[in-house]
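Source file my_file01.cif; content: mmCIF, C-alpha atoms.
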data_work
#
loop_
_atom_site.group_PDB
_atom_site.id
_atom_site.type_symbol
_atom_site.label_atom_id
_atom_site.label_comp_id
_atom_site.auth_asym_id
_atom_site.auth_seq_id
_atom_site.Cartn_x
_atom_site.Cartn_y
_atom_site.Cartn_z
ATOM 1 C CA MET A 1 224.879 81.859 197.576
ATOM 2 C CA ARG A 2 226.556 78.672 198.738
ATOM 3 C CA LYS A 3 227.673 78.220 202.336
ATOM 4 C CA PRO A 4 231.428 78.191 201.543
ATOM 5 C CA ALA A 5 231.089 81.538 199.763
ATOM 6 C CA ILE A 6 229.120 83.042 202.656
ATOM 7 C CA LEU A 7 231.690 81.801 205.152
ATOM 8 C CA ALA A 8 234.508 83.274 203.071
ATOM 9 C CA LEU A 9 232.793 86.666 202.990
ATOM 10 C CA LEU A 10 232.193 86.599 206.740
ATOM 11 C CA LEU A 11 235.819 85.704 207.367
ATOM 12 C CA ALA A 12 237.026 88.532 205.123
ATOM 13 C CA ALA A 13 234.754 91.009 206.886
ATOM 14 C CA THR A 14 236.024 89.862 210.297
ATOM 15 C CA LEU A 15 239.622 90.364 209.224
ATOM 16 C CA VAL A 16 238.889 93.871 207.952
ATOM 17 C CA ILE A 17 237.182 94.823 211.228
ATOM 18 C CA ALA A 18 240.063 93.408 213.255
ATOM 19 C CA ALA A 19 242.594 95.291 211.159
ATOM 20 C CA CYS A 20 240.716 98.547 211.639
ATOM 21 C CA GLY A 21 240.627 98.059 215.384
ATOM 22 C CA THR A 22 244.301 97.209 215.943
ATOM 23 C CA GLY A 23 246.256 98.602 213.041
ATOM 24 C CA SER A 24 247.054 102.232 212.312
ATOM 25 C CA ASP A 25 245.819 103.542 215.692
ATOM 26 C CA THR A 26 248.464 101.616 217.648
ATOM 27 C CA LYS A 27 252.094 102.668 217.543
ATOM 28 C CA ALA A 28 255.175 100.805 218.738
ATOM 29 C CA VAL A 29 256.897 103.014 221.312
ATOM 30 C CA THR A 30 260.185 102.555 223.171
ATOM 31 C CA LEU A 31 260.824 103.743 226.719
ATOM 32 C CA THR A 32 264.393 103.672 228.043
ATOM 33 C CA LEU A 33 264.641 103.599 231.835
ATOM 34 C CA ASN A 34 267.230 105.384 233.945
ATOM 35 C CA TRP A 35 268.659 102.064 235.117
ATOM 36 C CA TYR A 36 268.113 98.327 235.108
ATOM 37 C CA PRO A 37 264.500 97.578 236.118
ATOM 38 C CA TYR A 38 263.762 97.870 239.825
ATOM 39 C CA GLY A 39 260.689 98.563 241.967
ATOM 40 C CA GLU A 40 260.304 102.196 240.927
ATOM 41 C CA HIS A 41 259.494 101.076 237.381
ATOM 42 C CA ALA A 42 256.582 98.808 238.339
ATOM 43 C CA PRO A 43 253.879 101.171 236.980
ATOM 44 C CA PHE A 44 255.169 100.796 233.423
ATOM 45 C CA TYR A 45 255.041 97.000 233.520
ATOM 46 C CA TYR A 46 251.681 97.122 235.282
ATOM 47 C CA GLY A 47 250.364 99.543 232.668
ATOM 48 C CA VAL A 48 251.370 97.179 229.887
ATOM 49 C CA LYS A 49 249.891 94.145 231.654
ATOM 50 C CA GLN A 50 246.617 95.923 232.435
ATOM 51 C CA GLY A 51 246.246 97.174 228.867
ATOM 52 C CA ILE A 52 246.485 100.836 229.887
ATOM 53 C CA PHE A 53 249.096 101.737 227.290
ATOM 54 C CA ALA A 54 247.276 99.706 224.632
ATOM 55 C CA LYS A 55 244.066 101.606 225.431
ATOM 56 C CA HIS A 56 245.925 104.794 224.529
ATOM 57 C CA GLY A 57 247.158 103.282 221.263
ATOM 58 C CA ILE A 58 250.666 102.478 222.473
ATOM 59 C CA ASP A 59 252.525 99.186 222.111
ATOM 60 C CA LEU A 60 255.166 99.887 224.761
ATOM 61 C CA LYS A 61 258.613 98.305 224.795
ATOM 62 C CA ILE A 62 260.545 98.966 228.022
ATOM 63 C CA GLN A 63 264.354 99.008 227.824
ATOM 64 C CA ALA A 64 266.951 99.069 230.596
ATOM 65 C CA GLY A 65 269.099 102.165 230.969
ATOM 66 C CA GLN A 66 272.623 102.818 232.220
ATOM 67 C CA GLY A 67 272.215 106.127 233.999
ATOM 68 C CA SER A 68 270.010 109.154 233.486
ATOM 69 C CA GLY A 69 272.680 111.042 231.551
ATOM 70 C CA LYS A 70 272.828 108.347 228.884
ATOM 71 C CA THR A 71 269.037 108.063 228.773
ATOM 72 C CA VAL A 72 268.702 111.815 228.185
ATOM 73 C CA GLN A 73 271.213 111.660 225.333
ATOM 74 C CA ALA A 74 269.430 108.657 223.791
ATOM 75 C CA ALA A 75 266.084 110.456 223.886
ATOM 76 C CA ALA A 76 267.553 113.619 222.381
ATOM 77 C CA ALA A 77 269.120 111.590 219.558
ATOM 78 C CA ASN A 78 265.789 109.813 218.904
ATOM 79 C CA GLN A 79 267.371 106.472 219.758
ATOM 80 C CA THR A 80 264.366 105.978 222.054
ATOM 81 C CA ASP A 81 260.937 107.594 221.844
ATOM 82 C CA PHE A 82 260.780 108.395 225.549
ATOM 83 C CA GLY A 83 263.091 108.238 228.534
ATOM 84 C CA TRP A 84 262.729 107.962 232.282
ATOM 85 C CA ALA A 85 265.452 110.146 233.745
ATOM 86 C CA ASP A 86 266.500 112.422 236.577
ATOM 87 C CA THR A 87 265.757 116.131 236.191
ATOM 88 C CA SER A 88 269.325 117.112 237.070
ATOM 89 C CA ALA A 89 270.616 115.210 234.019
ATOM 90 C CA LEU A 90 267.928 116.861 231.905
ATOM 91 C CA ALA A 91 268.879 120.344 233.157
ATOM 92 C CA VAL A 92 272.563 119.804 232.370
ATOM 93 C CA ALA A 93 271.685 118.615 228.845
ATOM 94 C CA VAL A 94 269.391 121.585 228.203
ATOM 95 C CA GLU A 95 272.177 123.962 229.255
ATOM 96 C CA GLN A 96 274.413 122.257 226.694
ATOM 97 C CA GLY A 97 271.848 122.939 223.962
ATOM 98 C CA VAL A 98 270.454 119.410 223.782
ATOM 99 C CA ALA A 99 266.892 119.373 222.399
ATOM 100 C CA VAL A 100 265.098 117.393 225.102
ATOM 101 C CA LYS A 101 262.280 118.208 227.536
ATOM 102 C CA SER A 102 260.441 116.812 230.512
ATOM 103 C CA VAL A 103 256.776 116.016 229.961
ATOM 104 C CA GLY A 104 256.094 115.327 233.622
ATOM 105 C CA VAL A 105 258.206 114.660 236.724
ATOM 106 C CA PHE A 106 256.765 111.870 238.870
ATOM 107 C CA LEU A 107 259.373 111.640 241.662
ATOM 108 C CA GLN A 108 259.101 115.132 243.123
ATOM 109 C CA THR A 109 261.279 114.465 246.179
ATOM 110 C CA THR A 110 264.688 113.166 245.209
ATOM 111 C CA PRO A 111 265.593 109.645 246.402
ATOM 112 C CA ALA A 112 269.297 110.479 245.830
ATOM 113 C CA SER A 113 271.396 109.301 248.749
ATOM 114 C CA VAL A 114 274.699 108.057 250.063
ATOM 115 C CA GLN A 115 274.240 104.414 251.140
ATOM 116 C CA PHE A 116 276.300 102.340 253.577
ATOM 117 C CA PHE A 117 276.114 99.646 256.204
ATOM 118 C CA ARG A 118 274.797 101.034 259.491
ATOM 119 C CA GLU A 119 277.819 99.629 261.312
ATOM 120 C CA LYS A 120 279.955 102.405 259.781
ATOM 121 C CA ASN A 121 278.259 104.943 262.070
ATOM 122 C CA ILE A 122 277.926 107.603 259.396
ATOM 123 C CA THR A 123 275.339 110.161 260.514
ATOM 124 C CA LYS A 124 276.232 113.360 258.644
ATOM 125 C CA PRO A 125 277.957 114.377 255.387
ATOM 126 C CA GLN A 126 281.146 115.373 257.203
ATOM 127 C CA ASP A 127 281.584 111.730 258.256
ATOM 128 C CA LEU A 128 282.342 110.910 254.604
ATOM 129 C CA LYS A 129 285.748 112.627 254.679
ATOM 130 C CA GLY A 130 288.462 110.292 253.426
ATOM 131 C CA LEU A 131 286.034 107.503 252.504
ATOM 132 C CA LYS A 132 285.844 105.605 249.205
ATOM 133 C CA VAL A 133 282.651 106.493 247.319
ATOM 134 C CA ALA A 134 281.410 104.170 244.556
ATOM 135 C CA THR A 135 279.509 105.778 241.703
ATOM 136 C CA THR A 136 278.845 105.211 237.988
ATOM 137 C CA ALA A 137 279.802 107.557 235.165
ATOM 138 C CA GLY A 138 276.706 108.855 233.394
ATOM 139 C CA ASP A 139 274.547 108.454 236.473
ATOM 140 C CA ALA A 140 272.599 111.555 237.567
ATOM 141 C CA LEU A 141 274.340 111.473 240.940
ATOM 142 C CA THR A 142 277.717 112.236 239.375
ATOM 143 C CA LYS A 143 276.324 115.771 238.924
ATOM 144 C CA THR A 144 274.388 116.159 242.152
ATOM 145 C CA PHE A 145 276.858 114.584 244.612
ATOM 146 C CA PRO A 146 279.319 117.489 244.245
ATOM 147 C CA ALA A 147 276.364 119.797 244.881
ATOM 148 C CA PHE A 148 275.467 117.762 247.996
ATOM 149 C CA LEU A 149 279.036 118.103 249.270
ATOM 150 C CA LYS A 150 279.113 121.831 248.520
ATOM 151 C CA GLN A 151 275.772 122.326 250.262
ATOM 152 C CA ASN A 152 277.305 120.773 253.387
ATOM 153 C CA GLY A 153 280.599 122.666 253.393
ATOM 154 C CA MET A 154 282.715 120.008 251.694
ATOM 155 C CA ALA A 155 284.656 119.570 248.457
ATOM 156 C CA GLU A 156 285.021 116.625 246.066
ATOM 157 C CA THR A 157 288.635 116.278 247.179
ATOM 158 C CA ASP A 158 287.403 115.389 250.673
ATOM 159 C CA VAL A 159 286.341 111.931 249.397
ATOM 160 C CA GLN A 160 287.793 109.269 247.093
ATOM 161 C CA VAL A 161 285.384 108.844 244.175
ATOM 162 C CA GLN A 162 285.548 105.495 242.357
ATOM 163 C CA ASN A 163 283.804 105.180 238.977
ATOM 164 C CA ILE A 164 282.465 101.635 238.733
ATOM 165 C CA ASP A 165 279.929 99.939 236.451
ATOM 166 C CA PRO A 166 276.363 99.632 237.823
ATOM 167 C CA ALA A 167 276.576 96.028 239.021
ATOM 168 C CA GLY A 168 280.102 96.495 240.355
ATOM 169 C CA LYS A 169 279.066 99.444 242.502
ATOM 170 C CA MET A 170 277.022 97.282 244.867
ATOM 171 C CA ALA A 171 279.604 94.487 244.764
ATOM 172 C CA ALA A 172 282.306 96.945 245.839
ATOM 173 C CA VAL A 173 280.380 97.919 248.961
ATOM 174 C CA LEU A 174 279.465 94.307 249.749
ATOM 175 C CA ALA A 175 283.122 93.282 249.462
ATOM 176 C CA GLY A 176 284.439 96.278 251.414
ATOM 177 C CA ARG A 177 286.337 97.758 248.459
ATOM 178 C CA ALA A 178 284.214 100.907 248.800
ATOM 179 C CA ASP A 179 282.844 102.426 251.982
ATOM 180 C CA VAL A 180 279.667 103.901 250.518
ATOM 181 C CA LEU A 181 277.838 104.137 247.216
ATOM 182 C CA LEU A 182 275.757 106.796 245.523
ATOM 183 C CA GLY A 183 272.291 105.742 244.455
ATOM 184 C CA PHE A 184 268.576 106.043 245.032
ATOM 185 C CA ALA A 185 267.222 105.102 248.446
ATOM 186 C CA SER A 186 264.457 103.349 246.505
ATOM 187 C CA ASP A 187 266.937 101.159 244.612
ATOM 188 C CA GLN A 188 270.248 99.725 245.767
ATOM 189 C CA GLY A 189 269.874 99.928 249.561
ATOM 190 C CA PRO A 190 267.199 97.240 249.984
ATOM 191 C CA THR A 191 269.111 94.896 247.643
ATOM 192 C CA ILE A 192 272.398 95.280 249.525
ATOM 193 C CA GLN A 193 270.641 94.790 252.842
ATOM 194 C CA GLU A 194 269.077 91.530 251.631
ATOM 195 C CA LYS A 195 272.334 90.218 250.155
ATOM 196 C CA ALA A 196 274.474 91.056 253.189
ATOM 197 C CA GLY A 197 271.901 90.293 255.871
ATOM 198 C CA LYS A 198 272.731 93.463 257.762
ATOM 199 C CA PRO A 199 271.054 96.880 257.899
ATOM 200 C CA VAL A 200 271.784 99.692 255.486
ATOM 201 C CA SER A 201 271.521 103.380 256.343
ATOM 202 C CA TYR A 202 271.339 106.505 254.191
ATOM 203 C CA LEU A 203 272.296 110.132 253.991
ATOM 204 C CA ARG A 204 269.370 111.371 251.913
ATOM 205 C CA PHE A 205 270.129 114.488 249.915
ATOM 206 C CA SER A 206 266.636 115.822 250.653
ATOM 207 C CA GLU A 207 267.331 115.675 254.414
ATOM 208 C CA PHE A 208 270.619 117.591 254.130
ATOM 209 C CA GLY A 209 269.556 120.709 252.276
ATOM 210 C CA LEU A 210 269.338 119.430 248.700
ATOM 211 C CA ASN A 211 265.897 118.544 247.397
ATOM 212 C CA TYR A 212 264.801 118.819 243.785
ATOM 213 C CA TYR A 213 262.617 117.247 241.133
ATOM 214 C CA SER A 214 263.931 113.783 240.296
ATOM 215 C CA ASN A 215 262.763 111.134 237.824
ATOM 216 C CA GLY A 216 260.191 111.752 235.158
ATOM 217 C CA LEU A 217 259.186 111.209 231.567
ATOM 218 C CA ILE A 218 261.253 112.927 228.858
ATOM 219 C CA THR A 219 261.253 113.112 225.080
ATOM 220 C CA SER A 220 263.081 114.945 222.310
ATOM 221 C CA GLY A 221 262.145 118.318 220.906
ATOM 222 C CA GLY A 222 261.777 116.589 217.551
ATOM 223 C CA THR A 223 259.161 114.155 218.853
ATOM 224 C CA LEU A 224 257.248 117.010 220.498
ATOM 225 C CA ALA A 225 257.208 118.911 217.213
ATOM 226 C CA LYS A 226 256.435 116.001 214.878
ATOM 227 C CA ASP A 227 253.999 113.951 216.944
ATOM 228 C CA PRO A 228 252.489 115.925 219.849
ATOM 229 C CA ASP A 229 249.470 113.592 219.853
ATOM 230 C CA LEU A 230 251.699 110.590 220.600
ATOM 231 C CA VAL A 231 253.366 112.512 223.432
ATOM 232 C CA LYS A 232 249.981 113.411 224.944
ATOM 233 C CA ARG A 233 248.838 109.801 224.744
ATOM 234 C CA MET A 234 252.062 108.526 226.317
ATOM 235 C CA VAL A 235 251.810 111.065 229.130
ATOM 236 C CA ALA A 236 248.152 110.216 229.778
ATOM 237 C CA ALA A 237 248.868 106.477 229.778
ATOM 238 C CA THR A 238 251.840 106.891 232.117
ATOM 239 C CA ALA A 239 249.841 108.971 234.587
ATOM 240 C CA GLU A 240 247.005 106.428 234.501
ATOM 241 C CA ALA A 241 249.425 103.528 235.001
ATOM 242 C CA TRP A 242 251.025 105.203 238.023
ATOM 243 C CA SER A 243 247.597 105.923 239.552
ATOM 244 C CA ALA A 244 246.564 102.293 239.061
ATOM 245 C CA ALA A 245 249.837 100.917 240.472
ATOM 246 C CA GLU A 246 249.602 103.196 243.512
ATOM 247 C CA LYS A 247 246.293 101.551 244.418
ATOM 248 C CA ASP A 248 247.733 98.007 244.343
ATOM 249 C CA PRO A 249 251.526 97.969 244.869
ATOM 250 C CA GLN A 250 251.747 94.181 245.210
ATOM 251 C CA ALA A 251 249.933 93.547 241.925
ATOM 252 C CA ALA A 252 252.106 96.165 240.250
ATOM 253 C CA VAL A 253 255.448 94.634 241.251
ATOM 254 C CA ASP A 254 254.171 91.128 240.439
ATOM 255 C CA THR A 255 254.013 92.143 236.759
ATOM 256 C CA MET A 256 257.780 92.745 236.740
ATOM 257 C CA LYS A 257 258.598 89.028 236.918
ATOM 258 C CA GLY A 258 261.184 88.203 234.244
ATOM 259 C CA ALA A 259 261.803 91.869 233.370
ATOM 260 C CA SER A 260 265.584 91.531 233.774
ATOM 261 C CA GLN A 261 268.289 89.113 234.861
ATOM 262 C CA GLN A 262 269.325 91.766 237.394
ATOM 263 C CA LEU A 263 265.811 92.060 238.842
ATOM 264 C CA PRO A 264 265.749 92.164 242.659
ATOM 265 C CA SER A 265 263.743 89.661 244.689
ATOM 266 C CA PRO A 266 259.958 90.148 245.003
ATOM 267 C CA THR A 267 260.402 91.320 248.601
ATOM 268 C CA VAL A 268 262.924 93.978 247.597
ATOM 269 C CA LEU A 269 260.829 95.057 244.610
ATOM 270 C CA LEU A 270 257.852 95.737 246.846
ATOM 271 C CA GLU A 271 259.956 97.658 249.355
ATOM 272 C CA GLN A 272 261.476 99.721 246.526
ATOM 273 C CA PHE A 273 258.098 100.605 245.073
ATOM 274 C CA LYS A 274 256.560 101.475 248.432
ATOM 275 C CA THR A 275 259.491 103.837 249.073
ATOM 276 C CA THR A 276 258.973 105.345 245.624
ATOM 277 C CA LEU A 277 255.335 106.098 246.432
ATOM 278 C CA THR A 278 256.474 108.413 249.250
ATOM 279 C CA LEU A 279 258.297 110.611 246.696
ATOM 280 C CA LEU A 280 255.464 111.485 244.317
ATOM 281 C CA HIS A 281 254.424 114.918 245.536
ATOM 282 C CA THR A 282 255.410 118.271 246.964
ATOM 283 C CA ASP A 283 253.161 120.370 249.202
ATOM 284 C CA THR A 284 251.942 122.058 246.023
ATOM 285 C CA THR A 285 250.886 118.849 244.268
ATOM 286 C CA LYS A 286 249.865 116.592 247.179
ATOM 287 C CA SER A 287 246.180 116.753 246.193
ATOM 288 C CA SER A 288 246.943 115.994 242.522
ATOM 289 C CA GLY A 289 247.527 112.789 240.611
ATOM 290 C CA PRO A 290 250.972 111.354 239.813
ATOM 291 C CA GLY A 291 253.035 113.394 237.368
ATOM 292 C CA VAL A 292 251.237 116.706 237.879
ATOM 293 C CA ASN A 293 253.905 119.443 238.111
ATOM 294 C CA SER A 294 253.802 123.092 239.117
ATOM 295 C CA ALA A 295 255.787 125.979 237.664
ATOM 296 C CA ALA A 296 256.691 127.044 241.222
ATOM 297 C CA ASP A 297 258.256 123.655 241.991
ATOM 298 C CA TRP A 298 260.118 123.737 238.698
ATOM 299 C CA LYS A 299 261.508 127.166 239.552
ATOM 300 C CA ALA A 300 262.592 125.948 242.988
ATOM 301 C CA THR A 301 264.383 122.992 241.384
ATOM 302 C CA ILE A 302 266.108 125.212 238.810
ATOM 303 C CA ASP A 303 267.188 127.652 241.540
ATOM 304 C CA THR A 304 268.617 124.732 243.547
ATOM 305 C CA PHE A 305 270.601 123.492 240.550
ATOM 306 C CA LEU A 306 271.950 127.001 239.948
ATOM 307 C CA ARG A 307 272.849 127.618 243.591
ATOM 308 C CA THR A 308 274.715 124.339 243.919
ATOM 309 C CA GLY A 309 276.524 124.521 240.576
ATOM 310 C CA VAL A 310 274.688 121.762 238.703
ATOM 311 C CA ILE A 311 273.935 124.394 236.033
ATOM 312 C CA SER A 312 275.599 127.767 235.484
ATOM 313 C CA LYS A 313 272.615 129.695 234.123
ATOM 314 C CA ALA A 314 268.936 129.420 235.045
ATOM 315 C CA GLN A 315 266.225 129.499 232.389
ATOM 316 C CA ASP A 316 262.448 129.708 232.690
ATOM 317 C CA PRO A 317 260.677 126.392 233.492
ATOM 318 C CA GLY A 318 259.459 126.225 229.887
ATOM 319 C CA ALA A 319 263.016 125.580 228.717
ATOM 320 C CA TYR A 320 262.999 122.270 230.605
ATOM 321 C CA TRP A 321 259.316 121.309 230.838
ATOM 322 C CA GLU A 322 256.635 121.094 228.145
ATOM 323 C CA GLU A 323 253.578 122.067 230.177
ATOM 324 C CA SER A 324 251.173 121.771 227.238
ATOM 325 C CA VAL A 325 251.363 117.959 227.262
ATOM 326 C CA ALA A 326 251.961 117.367 230.980
ATOM 327 C CA PRO A 327 249.388 115.715 233.291
ATOM 328 C CA ARG A 328 246.855 118.081 234.861
ATOM 329 C CA GLY A 329 244.635 118.054 237.925
#

Take the structure I supplied and represent it as structure tokens, if you would.
Amino acid sequence: MRKPAILALLLAATLVIAACGTGSDTKAVTLTLNWYPYGEHAPFYYGVKQGIFAKHGIDLKIQAGQGSGKTVQAAAANQTDFGWADTSALAVAVEQGVAVKSVGVFLQTTPASVQFFREKNITKPQDLKGLKVATTAGDALTKTFPAFLKQNGMAETDVQVQNIDPAGKMAAVLAGRADVLLGFASDQGPTIQEKAGKPVSYLRFSEFGLNYYSNGLITSGGTLAKDPDLVKRMVAATAEAWSAAEKDPQAAVDTMKGASQQLPSPTVLLEQFKTTLTLLHTDTTKSSGPGVNSAADWKATIDTFLRTGVISKAQDPGAYWEESVAPRG
């Protein structure tokens, strides 16, 4: 056989081998975040960069979100394969009959908070009376803030709620058009502090009687039924990515460069992610890896949502959480 023919056969064989190794086993998957990318999301970008998702046969595309409520609805409608959303928004959707489930909560202490410049001397929820509160429709906090007020002996009418778009919410506080904003302590606060050059303080929900499971991975009931193997692989890859990012926070946030035009500065990103790492566990799961949940913690969260009026009827944890695919150990 002549050399050209041999070379042609070798080339054909190489192409076949390459196709077998990268073709049908890898699936394009979309993940819609709860918000524009910020430090909390570093593990997903790190997982892509480090090849963790690819190792599990996933070609991950990360998309910005506009509030957990919208992300939950998008996942339920199969407009995204997976979502990253707050458990309160998930619980409300489940009560409304929406076919969506958690496959692992990673932020097990809520970062939900009221944020403001320290100079306002706000130290307790009652200090909010009469103040202008900036929030965003569709955000998880639109459901839990009334519960926070109720928990602390107040009503929604005690404050002036202003519904503003995500970017405008911070601008309103910076310009003095709003006194405080609702957001995650691991998100807006560090950005506002850097922009204004003055310290920001918080009323954290978890420190005033309202703690619950927060952000985690969700998917639709349809995806769980049709492709449970994909869900298991996505869950495993996500847990591995979070474990890897936890070991090297700086490297993790460095992979977020260029993720969004709204991306905070590298300094803020690192601060956001380090704050996020303090929220990963309860006493029950503190010896476990990221994303490992317990039925007892789920029940406590559901009871909190019922007691504070986020939901009107409590269901068993299995109505909200698909334990069969969730991280273990």

Residues in the PyMOL selection byres ((chain A and resi 275) around 10), expressed as a PyMOL selection string:
chain A and resi 39-40+111+185-187+269-274+276-280

With C-alpha atoms retained, could you export that selection as a short mmCIF file (atom, residue, chain, number, x, y, z; two decimals), in the coordinates of the input?
data_model
loop_
_atom_site.label_atom_id
_atom_site.label_comp_id
_atom_site.auth_asym_id
_atom_site.auth_seq_id
_atom_site.Cartn_x
_atom_site.Cartn_y
_atom_site.Cartn_z
CA GLY A 39 260.69 98.56 241.97
CA GLU A 40 260.30 102.20 240.93
CA PRO A 111 265.59 109.64 246.40
CA ALA A 185 267.22 105.10 248.45
CA SER A 186 264.46 103.35 246.50
CA ASP A 187 266.94 101.16 244.61
CA LEU A 269 260.83 95.06 244.61
CA LEU A 270 257.85 95.74 246.85
CA GLU A 271 259.96 97.66 249.36
CA GLN A 272 261.48 99.72 246.53
CA PHE A 273 258.10 100.60 245.07
CA LYS A 274 256.56 101.48 248.43
CA THR A 276 258.97 105.34 245.62
CA LEU A 277 255.34 106.10 246.43
CA THR A 278 256.47 108.41 249.25
CA LEU A 279 258.30 110.61 246.70
CA LEU A 280 255.46 111.48 244.32
#

Result set of the PyMOL selection byres ((chain A and resi 250-253) around 8) on the coordinates above, as a ChimeraX atom specification:
/A:39,42-43,45-46,245,248-249,254-257,266,269-270,273

Report as a ChimeraX atom specification all protein, DNA and RNA residues lying within 6 Å of Ala326 in chain A, evaluated on all atoms listed in the file, omitting residues in the same chain fewer than 2 positions from it.
/A:103-104,323-324

Could you turn the residues from that selection into a file that holds C-alpha atoms, as a compact mmCIF listing (two decimals), in the coordinates of the input?
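The file below, result-v3.txt, is the result:
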# COMPACT_ATOMS: atom_id res chain seq x y z
CA VAL A 103 256.78 116.02 229.96
CA GLY A 104 256.09 115.33 233.62
CA GLU A 323 253.58 122.07 230.18
CA SER A 324 251.17 121.77 227.24

Point out the residue among A:Ser113, A:Asn152, A:Thr219, A:Gln126 with the least atom-to-atom distance to Leu203 in chain A, counting only C-alpha atoms.
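Looking only at the distances to Leu203 in chain A, the closest residue turns out to be A:Ser113.
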
Box time for range 143-149 of chain A: axis-aligned, enclosing all its listed atoms, 6 Å extra on each side; report centre and edge lengths in Å to one decimal, as lines of an AutoDock Vina configuration file.
center_x = 276.9
center_y = 117.2
center_z = 244.1
size_x = 16.9
size_y = 17.2
size_z = 22.3

I'd like to see the residues matched by the PyMOL selection byres ((chain A and resi 85) around 6) on this file, and ideally I'd get them as an MDAnalysis selection string.
chainID A and resid 34 68 84 86 215:216
